[in-house]
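Q: So here's protein32.txt (compact mmCIF, C-alpha atoms).
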```
# COMPACT_ATOMS: atom_id res chain seq x y z
CA MET A 1 -7.89 8.47 -26.93
CA THR A 2 -4.76 6.32 -27.01
CA ASN A 3 -4.90 3.58 -24.39
CA PRO A 4 -2.06 4.39 -21.95
CA LEU A 5 -1.77 0.68 -21.23
CA ASP A 6 -1.30 -0.33 -24.85
CA PHE A 7 2.35 -1.32 -25.18
CA THR A 8 1.94 -3.05 -28.55
CA GLN A 9 3.70 -0.22 -30.40
CA ARG A 10 6.57 0.03 -27.95
CA ARG A 11 9.71 -2.03 -27.96
CA PRO A 12 10.07 -4.30 -24.91
CA ARG A 13 13.34 -4.56 -23.10
CA PRO A 14 15.35 -7.24 -24.92
CA ALA A 15 16.76 -8.96 -21.83
CA HIS A 16 13.45 -9.94 -20.29
CA LEU A 17 9.81 -8.94 -20.42
CA TRP A 18 9.42 -8.14 -16.77
CA ARG A 19 11.89 -5.85 -15.08
CA HIS A 20 12.65 -6.35 -11.39
CA GLU A 21 15.95 -4.59 -10.80
CA ARG A 22 15.40 -2.77 -7.54
CA ASP A 23 17.65 -3.55 -4.60
CA HIS A 24 15.15 -5.25 -2.27
CA GLU A 25 17.11 -4.42 0.86
CA GLY A 26 16.31 -0.74 0.32
CA SER A 27 19.73 0.49 -0.77
CA GLY A 28 18.96 0.93 -4.47
CA GLU A 29 18.72 4.09 -6.52
CA PRO A 30 15.19 5.19 -5.46
CA ARG A 31 15.25 7.17 -2.24
CA ASP A 32 14.77 4.84 0.70
CA LEU A 33 12.71 5.66 3.77
CA SER A 34 15.69 4.92 6.08
CA VAL A 35 14.39 1.73 7.70
CA PRO A 36 11.75 -0.86 6.84
CA ILE A 37 8.29 0.33 7.82
CA VAL A 38 5.92 -2.44 8.82
CA ALA A 39 2.44 -1.44 7.71
CA LEU A 40 0.76 -4.63 8.96
CA HIS A 41 -2.79 -3.52 8.58
CA ARG A 42 -4.68 -5.64 11.02
CA PHE A 43 -7.77 -4.39 12.79
CA ALA A 44 -9.98 -6.14 15.35
CA ALA A 45 -13.08 -4.63 13.68
CA ALA A 46 -11.65 -5.30 10.18
CA LEU A 47 -10.92 -1.64 9.67
CA ALA A 48 -7.25 -0.68 9.34
CA SER A 49 -3.94 -0.27 11.12
CA VAL A 50 -1.11 2.22 10.96
CA LEU A 51 1.98 2.94 12.97
CA VAL A 52 1.76 4.94 16.18
CA SER A 53 3.79 5.89 19.22
CA LEU A 54 2.73 4.17 22.43
CA SER A 55 2.60 7.39 24.43
CA ALA A 56 0.25 8.99 21.91
CA SER A 57 -2.05 5.98 21.86
CA GLN A 58 -2.27 5.90 25.67
CA VAL A 59 -3.30 9.55 25.91
CA TRP A 60 -5.70 9.20 23.03
CA ALA A 61 -7.38 6.14 24.51
CA GLN A 62 -8.21 8.15 27.63
CA GLU A 63 -9.64 11.01 25.58
CA THR A 64 -11.93 8.81 23.47
CA ALA A 65 -13.16 6.40 26.12
CA ASP A 66 -16.69 7.88 26.17
CA LEU A 67 -17.30 8.03 22.40
CA PRO A 68 -19.99 5.82 20.79
CA GLY A 69 -18.91 2.46 19.41
CA PRO A 70 -18.67 1.30 15.76
CA ASP A 71 -22.18 -0.20 15.74
CA GLN A 72 -23.64 3.28 16.27
CA VAL A 73 -21.92 5.06 13.36
CA LYS A 74 -21.99 4.63 9.60
CA LEU A 75 -19.38 6.59 7.66
CA GLU A 76 -20.90 8.70 4.90
CA ARG A 77 -18.91 10.16 2.02
CA THR A 78 -19.00 10.91 -1.69
CA LEU A 79 -16.39 10.42 -4.40
CA THR A 80 -16.12 12.85 -7.32
CA PHE A 81 -13.76 12.23 -10.24
CA LEU A 82 -11.75 15.08 -11.73
CA ASN A 83 -10.07 12.84 -14.31
CA SER A 84 -11.51 11.12 -17.38
CA GLN A 85 -10.44 8.80 -20.16
CA ASP A 86 -11.10 11.55 -22.71
CA SER A 87 -8.71 14.00 -21.06
CA LEU A 88 -6.47 11.83 -18.94
CA THR A 89 -4.05 13.58 -16.60
CA TYR A 90 -1.40 12.16 -14.30
CA HIS A 91 -0.29 13.09 -10.81
CA PRO A 92 3.43 12.90 -9.93
CA LEU A 93 4.73 10.36 -7.45
CA ILE A 94 7.20 11.26 -4.73
CA LYS A 95 10.29 9.25 -5.61
CA ALA A 96 10.64 6.60 -2.93
CA ASN A 97 10.11 2.87 -2.52
CA LEU A 98 6.43 3.29 -1.61
CA VAL A 99 3.53 4.76 -3.64
CA LEU A 100 3.63 8.27 -2.18
CA PHE A 101 1.99 11.35 -3.67
CA ARG A 102 0.70 14.75 -2.64
CA ALA A 103 -2.89 15.26 -1.50
CA VAL A 104 -4.84 18.10 0.05
CA VAL A 105 -6.79 17.24 3.21
CA GLY A 106 -9.04 19.95 4.63
CA GLY A 107 -7.09 22.55 2.65
CA GLU A 108 -3.69 21.42 3.93
CA GLU A 109 -1.19 19.75 1.63
CA THR A 110 0.07 16.44 2.96
CA CYS A 111 1.79 13.26 1.85
CA ALA A 112 -0.51 10.39 0.89
CA LEU A 113 0.24 6.68 0.67
CA LEU A 114 -1.48 4.10 -1.55
CA ASP A 115 -1.90 1.29 0.95
CA THR A 116 -3.55 -1.89 -0.29
CA GLY A 117 -2.78 -3.54 3.05
CA ALA A 118 -5.20 -1.21 4.86
CA SER A 119 -8.88 -2.04 4.68
CA ASN A 120 -9.82 1.63 5.29
CA SER A 121 -8.50 5.06 4.38
CA ILE A 122 -6.99 6.98 7.29
CA VAL A 123 -6.24 10.61 8.12
CA GLY A 124 -3.37 10.96 10.57
CA LEU A 125 -4.24 12.03 14.11
CA ALA A 126 -1.87 15.02 14.09
CA LEU A 127 -3.42 16.30 10.85
CA SER A 128 -7.00 15.75 12.01
CA GLU A 129 -6.25 17.69 15.19
CA ARG A 130 -4.70 20.58 13.25
CA LEU A 131 -7.82 20.68 11.08
CA GLY A 132 -10.07 20.69 14.14
CA LEU A 133 -11.98 17.56 13.10
CA ASP A 134 -14.37 16.23 15.71
CA ARG A 135 -14.03 12.59 16.75
CA VAL A 136 -17.57 11.22 16.55
CA ALA A 137 -17.09 7.51 17.28
CA SER A 138 -14.56 5.19 18.84
CA LEU A 139 -14.09 2.17 16.59
CA GLY A 140 -11.95 -0.05 18.76
CA ASP A 141 -8.32 -1.03 18.60
CA ALA A 142 -6.24 -1.78 15.56
CA LYS A 143 -3.75 -4.60 15.94
CA THR A 144 -0.24 -4.49 14.60
CA LEU A 145 2.37 -6.83 16.06
CA GLY A 146 0.17 -7.27 19.11
CA GLU A 147 -0.15 -3.57 19.97
CA GLY A 148 -3.64 -2.10 20.46
CA ILE A 149 -4.07 1.19 18.59
CA PRO A 150 -7.29 3.19 19.09
CA VAL A 151 -9.07 4.31 15.91
CA ASP A 152 -11.84 6.92 15.73
CA ALA A 153 -14.26 8.19 13.12
CA THR A 154 -14.18 11.93 12.48
CA SER A 155 -16.48 14.65 11.25
CA SER A 156 -16.50 15.32 7.51
CA VAL A 157 -13.44 16.55 5.65
CA ARG A 158 -12.58 17.17 2.00
CA ILE A 159 -9.70 15.10 0.60
CA GLU A 160 -8.44 15.93 -2.88
CA VAL A 161 -5.79 14.39 -5.07
CA PRO A 162 -5.31 17.29 -7.50
CA GLY A 163 -6.59 16.58 -10.99
CA GLN A 164 -7.73 13.09 -9.95
CA PHE A 165 -10.60 12.91 -7.44
CA VAL A 166 -12.25 14.47 -4.41
CA LEU A 167 -13.42 12.43 -1.41
CA ASP A 168 -15.89 14.26 0.84
CA GLY A 169 -17.13 12.89 4.12
CA GLN A 170 -16.21 11.16 7.34
CA VAL A 171 -12.92 9.31 7.70
CA LEU A 172 -11.06 7.26 10.24
CA THR A 173 -8.17 8.72 12.18
CA THR A 174 -5.30 7.32 14.19
CA ALA A 175 -1.70 8.30 14.88
CA MET A 176 0.81 7.83 12.08
CA PRO A 177 4.58 7.52 12.03
CA ASP A 178 6.63 10.67 11.87
CA LEU A 179 7.54 9.99 8.25
CA GLU A 180 8.84 12.83 6.07
CA CYS A 181 8.07 11.91 2.47
CA ALA A 182 9.71 15.03 1.04
CA PRO A 183 11.31 18.09 2.66
CA GLY A 184 8.63 19.68 4.83
CA LEU A 185 5.96 17.17 3.81
CA LYS A 186 4.93 14.45 6.25
CA LEU A 187 2.66 11.46 5.86
CA GLY A 188 -0.90 12.46 6.72
CA PHE A 189 -3.23 10.25 4.69
CA THR A 190 -3.37 6.62 3.60
CA LEU A 191 -5.64 5.51 0.78
CA GLY A 192 -7.04 2.12 1.74
CA ARG A 193 -9.15 -0.58 0.11
CA ASP A 194 -12.52 0.91 1.08
CA THR A 195 -11.88 3.81 -1.30
CA LEU A 196 -9.95 1.68 -3.79
CA GLU A 197 -13.13 -0.37 -4.33
CA ASP A 198 -14.42 2.59 -6.36
CA LEU A 199 -11.17 3.39 -8.16
CA SER A 200 -9.06 2.13 -11.01
CA VAL A 201 -5.48 3.07 -10.11
CA PHE A 202 -2.68 3.17 -12.67
CA VAL A 203 0.74 3.38 -11.01
CA ASP A 204 3.12 4.22 -13.85
CA ASN A 205 6.36 3.45 -12.03
CA PRO A 206 8.73 3.90 -15.01
CA ASN A 207 7.44 7.46 -15.46
CA ASN A 208 7.01 8.19 -11.74
CA ARG A 209 3.32 9.10 -11.92
CA ILE A 210 -0.14 7.88 -10.90
CA ALA A 211 -3.67 8.31 -12.23
CA PHE A 212 -7.14 7.47 -10.91
CA LEU A 213 -10.33 6.70 -12.86
CA PRO A 214 -13.62 4.96 -12.01
CA VAL A 215 -13.56 1.16 -11.80
CA GLY A 216 -12.62 -0.34 -15.16
CA GLY A 217 -11.06 2.89 -16.38
CA PHE A 218 -7.65 1.29 -16.94
CA ASP A 219 -8.69 -2.03 -18.38
CA PRO A 220 -5.62 -3.30 -20.28
CA GLY A 221 -7.82 -5.01 -22.85
CA ASP A 222 -5.64 -6.64 -25.49
CA ALA A 223 -2.45 -5.00 -24.25
CA ARG A 224 0.13 -7.44 -22.91
CA HIS A 225 -0.33 -8.00 -19.19
CA LEU A 226 -0.51 -10.51 -16.40
CA ARG A 227 -3.61 -10.62 -14.23
CA LEU A 228 -3.50 -11.50 -10.54
CA ASP A 229 -6.77 -12.41 -8.90
CA TRP A 230 -7.03 -10.04 -5.93
CA GLU A 231 -9.86 -10.60 -3.48
CA ASP A 232 -10.16 -8.85 -0.12
CA GLY A 233 -6.59 -7.66 -0.54
CA GLU A 234 -5.18 -11.17 -1.02
CA THR A 235 -3.73 -13.13 -3.93
CA ASP A 236 -2.01 -16.45 -4.61
CA VAL A 237 1.71 -16.72 -5.33
CA GLN A 238 4.41 -19.38 -5.18
CA VAL A 239 7.16 -19.13 -2.58
CA ASP A 240 10.02 -21.50 -3.35
CA GLY A 241 7.58 -23.60 -5.35
CA LYS A 242 4.87 -23.72 -2.68
CA ASP A 243 1.44 -22.25 -3.37
CA VAL A 244 0.59 -19.69 -0.69
CA ARG A 245 -2.03 -17.02 -0.04
CA VAL A 246 -0.58 -13.57 0.67
CA LEU A 247 -1.80 -10.10 1.53
CA VAL A 248 -0.79 -7.52 -1.08
CA ASP A 249 0.50 -4.60 0.98
CA THR A 250 1.81 -1.59 -0.95
CA GLY A 251 2.26 0.13 2.42
CA LEU A 252 5.17 -2.20 3.10
CA ASN A 253 8.64 -1.40 1.76
CA ILE A 254 9.94 -4.95 2.17
CA PRO A 255 9.32 -7.40 -0.71
CA LEU A 256 8.28 -10.36 1.42
CA LEU A 257 7.40 -10.38 5.12
CA VAL A 258 6.69 -13.72 6.76
CA GLY A 259 5.31 -14.54 10.20
CA GLN A 260 7.75 -16.20 12.55
CA SER A 261 5.53 -19.26 12.94
CA VAL A 262 6.04 -20.24 9.30
CA PHE A 263 9.38 -18.57 8.54
CA ASP A 264 11.50 -21.62 9.41
CA ASP A 265 9.15 -23.94 7.53
CA PHE A 266 9.83 -22.03 4.36
CA PHE A 267 13.42 -20.88 4.70
CA ALA A 268 15.35 -23.23 6.99
CA GLU A 269 17.82 -24.03 4.21
CA LYS A 270 18.24 -20.46 2.96
CA GLU A 271 21.25 -18.24 3.56
CA ALA A 272 20.44 -16.09 6.57
CA PHE A 273 21.09 -12.38 7.00
CA THR A 274 20.11 -9.69 9.47
CA PRO A 275 17.74 -7.10 7.99
CA GLU A 276 17.55 -3.60 9.34
CA PRO A 277 15.33 -3.32 12.43
CA MET A 278 11.66 -2.66 11.77
CA ASN A 279 9.87 0.31 13.29
CA THR A 280 6.48 -0.80 14.54
CA ALA A 281 3.61 0.33 16.71
CA GLY A 282 4.33 1.61 20.17
CA GLY A 283 7.72 2.94 19.15
CA LYS A 284 8.91 -0.66 19.23
CA VAL A 285 11.95 -1.72 17.22
CA ILE A 286 11.78 -5.33 16.09
CA GLU A 287 14.97 -7.21 15.32
CA ALA A 288 13.99 -9.44 12.40
CA ARG A 289 15.58 -12.42 10.75
CA GLY A 290 16.11 -12.59 7.03
CA ALA A 291 16.47 -15.20 4.31
CA LYS A 292 18.24 -14.59 1.00
CA GLY A 293 17.47 -15.97 -2.43
CA VAL A 294 13.74 -16.67 -2.05
CA ARG A 295 12.05 -17.64 -5.32
CA LEU A 296 8.75 -15.81 -5.76
CA GLY A 297 6.39 -16.92 -8.52
CA ILE A 298 3.70 -14.55 -9.77
CA ALA A 299 0.67 -15.55 -11.84
CA GLY A 300 2.37 -18.86 -12.61
CA VAL A 301 4.48 -17.12 -15.25
CA VAL A 302 7.00 -14.72 -13.72
CA GLU A 303 9.60 -15.72 -11.16
CA VAL A 304 11.84 -13.27 -9.32
CA THR A 305 14.37 -13.72 -6.53
CA VAL A 306 13.91 -11.63 -3.40
CA ASN A 307 14.97 -11.48 0.22
CA ALA A 308 12.41 -12.22 2.94
CA ALA A 309 12.17 -10.95 6.51
CA SER A 310 10.31 -12.34 9.51
CA TYR A 311 7.93 -10.56 11.85
CA PRO A 312 6.18 -11.51 15.11
CA ASP A 313 2.85 -13.14 14.28
CA SER A 314 -0.12 -10.82 14.69
CA ALA A 315 -3.64 -11.66 15.78
CA SER A 316 -4.80 -12.04 12.17
CA GLY A 317 -4.49 -15.24 10.19
CA MET A 318 -2.39 -13.84 7.35
CA SER A 319 1.17 -15.15 7.61
CA ILE A 320 2.81 -13.70 4.49
CA LEU A 321 2.72 -10.15 3.15
CA LEU A 322 3.79 -9.11 -0.35
CA GLY A 323 5.29 -5.63 -0.26
CA ASN A 324 5.51 -2.76 -2.69
CA PRO A 325 8.99 -3.59 -4.07
CA ILE A 326 7.31 -6.43 -6.01
CA PHE A 327 5.08 -3.89 -7.79
CA GLY A 328 7.30 -0.83 -7.61
CA VAL A 329 9.16 -1.11 -10.93
CA ASN A 330 6.71 -2.12 -13.66
CA PRO A 331 3.53 -0.27 -14.57
CA VAL A 332 0.68 -1.78 -12.56
CA VAL A 333 -3.10 -1.34 -12.37
CA PHE A 334 -4.95 -1.95 -9.09
CA GLU A 335 -8.64 -2.77 -9.62
CA ALA A 336 -10.07 -3.68 -6.21
CA GLY A 337 -13.60 -3.28 -7.56
CA ARG A 338 -12.87 -6.02 -10.12
CA ASP A 339 -10.74 -8.17 -7.80
CA ALA A 340 -7.71 -7.82 -10.07
CA ILE A 341 -4.16 -6.50 -10.30
CA PHE A 342 -2.75 -6.09 -13.80
CA LEU A 343 1.03 -6.23 -14.19
CA LEU A 344 2.23 -4.56 -17.37
CA PRO A 345 5.50 -5.08 -19.24
CA ALA A 346 8.45 -2.83 -18.67
CA VAL A 347 9.42 -0.87 -21.79
CA ASP A 348 12.34 1.25 -22.86
```
Please, can you express the file's structure as structure tokens?
A:
Amino acid sequence: MTNPLDFTQRRPRPAHLWRHERDHEGSGEPRDLSVPIVALHRFAAALASVLVSLSASQVWAQETADLPGPDQVKLERTLTFLNSQDSLTYHPLIKANLVLFRAVVGGEETCALLDTGASNSIVGLALSERLGLDRVASLGDAKTLGEGIPVDATSSVRIEVPGQFVLDGQVLTTAMPDLECAPGLKLGFTLGRDTLEDLSVFVDNPNNRIAFLPVGGFDPGDARHLRLDWEDGETDVQVDGKDVRVLVDTGLNIPLLVGQSVFDDFFAEKEAFTPEPMNTAGGKVIEARGAKGVRLGIAGVVEVTVNAASYPDSASGMSILLGNPIFGVNPVVFEAGRDAIFLLPAVD
């Protein structure tokens, strides 16, 4: 079979090898999601975090107070591939500035998000309740911008990305934002790093499609690419010439999000601007600061210019998050099981 990552027979764009033409303030051609969504996936038990309304989390906390804790439950599930290298098929992306696609959870079609910033995959609370899933364990509070968000483990459910894979078993559940990915289709599932450890994910942004294979399935081999070392969701980049460790968060539709405690250290001399408010946990709206013209170096080879926004420091130690706009134009392979991200050249 022809290697879908082999660009040796295709003509690269003459202007530059790597294309990064999206408007990073969210007003470009791809459909925006109205306001920046902060998917700061921080979890006290190193699980995951999503967005939630405060009223929902308060009611839910009362309902789950008597469930067993995380030390009493081990999630069990199986992963079955429907795709193969010999007969590779692709699944369409929903055109937006995040990696959104359709999935079927418990027989109900929903919108799914590829979220490398989340350590675990999550089924939305509203969807799990519609499906009648039992909550079998309380796993503590997620932390996002200081808000505590209760997370539970559920009874087993079948999750299918058509033509790609089926995930059967227990999942985590918490409330999600009321995000409509397409008319009549709301966000109900996030695919986090626990599942990505067993997947090779090819996000073919130029052709608006995605494909999943077992680990190593999309090895670029001799095809032109840049490799980023990617361990526990983190990688090294250069921000205005400084080497920094960042969390790669494809669930974030801002190119660069920086904690307030280090924002001024990096960007005191930059031109300031006011980004759109960020919707966060608890229905909170955060007024952020922004800095224009930030130089971002990737793999020591590629440098792009982006805008950065600040956010209130969370309980975790990660100060800088690298959002999906950095990866949302070129073809890219996410290989969590091999601790690597492969950036591929843009082609005509």
Q: Near Ser84 in chain A, counting only C-alpha atoms, which residues have an atom at most 10 Å away, once you skip same-chain residues fewer than 2 positions from it, shown as a PDB file with C-alpha atoms, in the coordinates of the input?
A:
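Writing the result to around_26.pdb gives the following:
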```pdb
ATOM      1  CA  PHE A  81     -13.760  12.230 -10.240  1.00  0.00           C
ATOM      2  CA  LEU A  82     -11.750  15.080 -11.730  1.00  0.00           C
ATOM      3  CA  ASP A  86     -11.100  11.550 -22.710  1.00  0.00           C
ATOM      4  CA  SER A  87      -8.710  14.000 -21.060  1.00  0.00           C
ATOM      5  CA  LEU A  88      -6.470  11.830 -18.940  1.00  0.00           C
ATOM      6  CA  THR A  89      -4.050  13.580 -16.600  1.00  0.00           C
ATOM      7  CA  GLY A 163      -6.590  16.580 -10.990  1.00  0.00           C
ATOM      8  CA  GLN A 164      -7.730  13.090  -9.950  1.00  0.00           C
ATOM      9  CA  ALA A 211      -3.670   8.310 -12.230  1.00  0.00           C
ATOM     10  CA  PHE A 212      -7.140   7.470 -10.910  1.00  0.00           C
ATOM     11  CA  LEU A 213     -10.330   6.700 -12.860  1.00  0.00           C
ATOM     12  CA  PRO A 214     -13.620   4.960 -12.010  1.00  0.00           C
ATOM     13  CA  GLY A 217     -11.060   2.890 -16.380  1.00  0.00           C
TER      14      GLY A 217
END
```
Q: Dump as JSON lines the rows for residues of range 219-238 of chain A within 9 Å of range 298-310 of chain A: closest atom pair and distance in Å with one decimal, all atoms listed in the file counted, ordered by chain and rising residue number.
A:
```
{"residue": "A:Leu226", "atom": "CA", "partner": "A:Ala299", "partner_atom": "CA", "distance": 6.9}
{"residue": "A:Arg227", "atom": "CA", "partner": "A:Ala299", "partner_atom": "CA", "distance": 7.0}
{"residue": "A:Leu228", "atom": "CA", "partner": "A:Ala299", "partner_atom": "CA", "distance": 6.0}
{"residue": "A:Asp229", "atom": "CA", "partner": "A:Ala299", "partner_atom": "CA", "distance": 8.6}
{"residue": "A:Asp236", "atom": "CA", "partner": "A:Ala299", "partner_atom": "CA", "distance": 7.8}
{"residue": "A:Val237", "atom": "CA", "partner": "A:Ile298", "partner_atom": "CA", "distance": 5.3}
{"residue": "A:Gln238", "atom": "CA", "partner": "A:Ile298", "partner_atom": "CA", "distance": 6.7}
```
Q: Residues near Pro162 in chain A, anyone? I mean within 10 Å using all atoms listed in the file, not counting same-chain ones fewer than 2 positions away, as a count of residues only.
A: 13
Q: Select all residues near (4.9, 13.9, 4.4) (cut-off 10 Å, inclusive, file coordinates), counting only C-alpha atoms, and output them as a list in words.
A: Ile94, Leu100, Phe101, Arg102, Ala103, Glu109, Thr110, Cys111, Ala112, Leu113, Pro177, Asp178, Leu179, Glu180, Cys181, Ala182, Pro183, Gly184, Leu185, Lys186, Leu187, Gly188 and Phe189 of chain A
Q: Please determine, counting only C-alpha atoms, which residue among A:Thr235, A:Thr195, A:Asn207, A:Ser200 has the shortest atom-to-atom distance to Ala118 in chain A.
A: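 Ranked by minimum distance to Ala118 in chain A, first place goes to A:Thr195.
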Q: Around (-16.2, 10.2, -0.6) in the file's own coordinates, what residues are found within 9 Å if you use all atoms listed in the file, given back as a list in words?
A: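 The answer, in the requested form, is Glu76, Arg77, Thr78, Leu79, Thr80, Arg158, Ile159, Val166, Leu167, Asp168, Gly169, Gln170, Val171 and Thr195 of chain A.
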Q: Please, what distance in Å, to one decimal, runs between CA of Val201 in chain A and CA of Val123 in chain A?
A: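 Answer for the CA of Val201 in chain A to CA of Val123 in chain A separation: 19.7 Å.
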Q: Which of these residues is nearest to Pro345 in chain A, using all atoms listed in the file: A:Ala223, A:Leu322, A:Ile254, A:Val248?
A: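 Comparing A:Ala223, A:Leu322, A:Ile254, A:Val248 against Pro345 in chain A, the winner is A:Ala223.
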Q: Work out how far CA of Arg295 in chain A is from CA of Val262 in chain A, in Å to one decimal.
A: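 About the pair CA of Val262 in chain A and CA of Arg295 in chain A: they are 16.0 Å apart.
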Q: May I ask for the distance between CA of Gly132 in chain A and CA of Leu93 in chain A, given in Å to one decimal place?
A: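 Spanning CA of Gly132 in chain A to CA of Leu93 in chain A is a straight-line distance of 28.1 Å.
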Q: Got a sec: who's within 9 Å of range 284-293 of chain A, counting all atoms listed in the file, leaving out chain neighbours fewer than 5 positions off, as a PyMOL selection string?
A: chain A and resi 53-54+260+263+267-279+305-312
Q: Which residues, written as an mmCIF file with C-alpha atoms, in the frame of the given file, have at least one atom at most 7 Å from Arg135 in chain A, with all atoms listed in the file counted and residues fewer than 4 positions away on the same chain left out?
A:
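Output file around16.cif is given in full below:
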```cif
data_model
loop_
_atom_site.group_PDB
_atom_site.id
_atom_site.type_symbol
_atom_site.label_atom_id
_atom_site.label_comp_id
_atom_site.auth_asym_id
_atom_site.auth_seq_id
_atom_site.Cartn_x
_atom_site.Cartn_y
_atom_site.Cartn_z
ATOM 1 C CA ASP A 152 -11.840 6.920 15.730
ATOM 2 C CA ALA A 153 -14.260 8.190 13.120
ATOM 3 C CA THR A 154 -14.180 11.930 12.480
ATOM 4 C CA SER A 155 -16.480 14.650 11.250
#
```
Q: For Ile122 in chain A, please output as a CSV table (one decimal) with C-alpha atoms, in the coordinates of the input all residues within 6 Å (counting only C-alpha atoms; exclusion window: fewer than 6 positions along the same chain).
A:
```csv
chain,number,residue,atom,x,y,z
A,172,LEU,CA,-11.1,7.3,10.2
A,173,THR,CA,-8.2,8.7,12.2
A,189,PHE,CA,-3.2,10.2,4.7
A,190,THR,CA,-3.4,6.6,3.6
```
Q: Which one of A:Val161, A:Leu127, A:Ala96, A:Val332 sits closest to Thr174 in chain A if you count all atoms listed in the file?
A: A:Leu127
Q: Between A:Asn120, A:Val99, A:Asn330, A:Gly323, single out the one closest to Ile210 in chain A, counting only C-alpha atoms.
A: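 Answer, going by the shortest atom-to-atom distance: A:Val99.
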